[in-house]
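Chemist: Sharing a structure with you now.
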Amino acid sequence: MSSFFGGNSSSIRQSQPPPNDTQRKEAVMAQVRAEVQGANAKELLDNLTEKCYLKCIPKPGTSMSSAEETCVSRCMDLYFQAFNITAKTYATRLQKERIAQKDANAASSY
Amino acid sequence: MADKFDEATQKELAQFLEHQQAEARLNSQIQKFTSMCWDKCVTGSIGGRFSRGEESCLVSCVDRFLDTSLFVVKRIEEQQGKPPA
């Protein structure tokens with residue numbers, strides 16, 4: 001992403017605003033998008049690490065055993081699945097509530 | 001620093017940012033639900049896949065939490081004698 005900015009900034013100064021504005025705008029958007037996604041991924045990994053640590057390493061030994069590694073691998077897959085199930089359920093529900101709200105508004109306007 | 005964006009672009013960016021903020025809020029809700037419902041529903045040892053019960057528990061966990069949230073708001077509104085909007 002730094003190349004995205006770096007590539008633009010030297011050539012941006014002299015020329016006219018319209019085409020550059022579009023590029024600069026796109027660059028800002030790309031960075032914001034990356035930050036939002038990065039923060040989400042980080043939070044997911046933080047949570048997952050804690051949950052799987054609690055599940056798989058009940059008694060920390062002097063090293064991580066292969067059984068513990070297997071458990072963590074499985075746990076990671078399951079946590080991702082749980083995240084997807086939750087996201088889907090929430091999205092479905094939000095949509096349902098939105099439709100219900102719209103119906104209620106329509107009904108009250110009669 | 002670079003020049004300011006023109007007005008139309010500023011408007012577009014403001015809208016874009018609002019959108020991204022909404023998405024960030026949605027993300028953190030989903031994170032919260034996942035964490036909470038994991039604790040509630042995934043009680044056994046970790047196998048290769050969820051048991052049928054665990055999976056449906058995750059779904060119900062989210063739905064019932066939202067029911068609870070709606071219920072609480074409704075209760076408070078009733079207690080305050082607030083007419084429905």
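How things are named: the first chain in the structure tokens is A, the next is B, and so on; residues count from 1 in each chain; ligands count from 1 in the order shown.
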Hey, what does DSSP flag as helix (DSSP H, G or I) within chain B? Can you give it to me as a ChimeraX atom specification?
Modeler: /B:7-41,52-79
Chemist: If the cut-off is 7 Å, can you tell me the residues of chain B near chain A, counting only C-alpha atoms? I'd like them as a PDB file with N, CA and C atoms, in the first residue's frame.
Modeler:
```pdb
ATOM      1  N   PHE B   5      -9.541  18.109  -1.596  1.00  0.00           N
ATOM      2  CA  PHE B   5     -10.427  17.544  -2.602  1.00  0.00           C
ATOM      3  C   PHE B   5     -11.523  18.546  -2.940  1.00  0.00           C
ATOM      4  N   ALA B  24     -17.438  -1.307  10.263  1.00  0.00           N
ATOM      5  CA  ALA B  24     -16.590  -1.600  11.426  1.00  0.00           C
ATOM      6  C   ALA B  24     -17.445  -1.921  12.653  1.00  0.00           C
ATOM      7  N   ASN B  27     -18.814  -5.363  12.171  1.00  0.00           N
ATOM      8  CA  ASN B  27     -17.757  -6.334  12.458  1.00  0.00           C
ATOM      9  C   ASN B  27     -17.599  -6.568  13.950  1.00  0.00           C
ATOM     10  N   ILE B  30     -20.313  -8.652  15.400  1.00  0.00           N
ATOM     11  CA  ILE B  30     -20.169 -10.071  15.055  1.00  0.00           C
ATOM     12  C   ILE B  30     -19.071 -10.717  15.907  1.00  0.00           C
ATOM     13  N   GLN B  31     -17.998  -9.980  16.125  1.00  0.00           N
ATOM     14  CA  GLN B  31     -16.926 -10.494  16.995  1.00  0.00           C
ATOM     15  C   GLN B  31     -17.457 -10.760  18.398  1.00  0.00           C
ATOM     16  N   PHE B  33     -20.564 -11.292  19.378  1.00  0.00           N
ATOM     17  CA  PHE B  33     -21.483 -12.436  19.386  1.00  0.00           C
ATOM     18  C   PHE B  33     -20.716 -13.751  19.284  1.00  0.00           C
ATOM     19  N   THR B  34     -19.739 -13.783  18.397  1.00  0.00           N
ATOM     20  CA  THR B  34     -18.991 -15.027  18.215  1.00  0.00           C
ATOM     21  C   THR B  34     -18.314 -15.443  19.519  1.00  0.00           C
ATOM     22  N   SER B  35     -17.677 -14.474  20.164  1.00  0.00           N
ATOM     23  CA  SER B  35     -16.990 -14.767  21.422  1.00  0.00           C
ATOM     24  C   SER B  35     -17.968 -15.243  22.500  1.00  0.00           C
ATOM     25  N   ILE B  46     -12.701 -30.186  21.745  1.00  0.00           N
ATOM     26  CA  ILE B  46     -12.661 -29.790  20.338  1.00  0.00           C
ATOM     27  C   ILE B  46     -12.508 -31.004  19.427  1.00  0.00           C
ATOM     28  N   GLY B  47     -13.494 -31.215  18.569  1.00  0.00           N
ATOM     29  CA  GLY B  47     -13.413 -32.299  17.600  1.00  0.00           C
ATOM     30  C   GLY B  47     -13.177 -31.737  16.214  1.00  0.00           C
ATOM     31  N   GLY B  48     -13.351 -32.569  15.198  1.00  0.00           N
ATOM     32  CA  GLY B  48     -13.146 -32.115  13.834  1.00  0.00           C
ATOM     33  C   GLY B  48     -14.232 -31.170  13.348  1.00  0.00           C
ATOM     34  N   ARG B  49     -15.410 -31.295  13.926  1.00  0.00           N
ATOM     35  CA  ARG B  49     -16.514 -30.436  13.499  1.00  0.00           C
ATOM     36  C   ARG B  49     -17.459 -30.184  14.663  1.00  0.00           C
ATOM     37  N   LEU B  58     -25.373 -22.006  18.397  1.00  0.00           N
ATOM     38  CA  LEU B  58     -24.764 -20.749  17.945  1.00  0.00           C
ATOM     39  C   LEU B  58     -25.805 -19.845  17.270  1.00  0.00           C
ATOM     40  N   VAL B  59     -26.638 -20.477  16.442  1.00  0.00           N
ATOM     41  CA  VAL B  59     -27.680 -19.702  15.758  1.00  0.00           C
ATOM     42  C   VAL B  59     -28.676 -19.126  16.766  1.00  0.00           C
ATOM     43  N   VAL B  62     -27.376 -16.136  18.953  1.00  0.00           N
ATOM     44  CA  VAL B  62     -27.433 -14.804  18.331  1.00  0.00           C
ATOM     45  C   VAL B  62     -28.875 -14.292  18.306  1.00  0.00           C
TER      46      VAL B  62
END
```
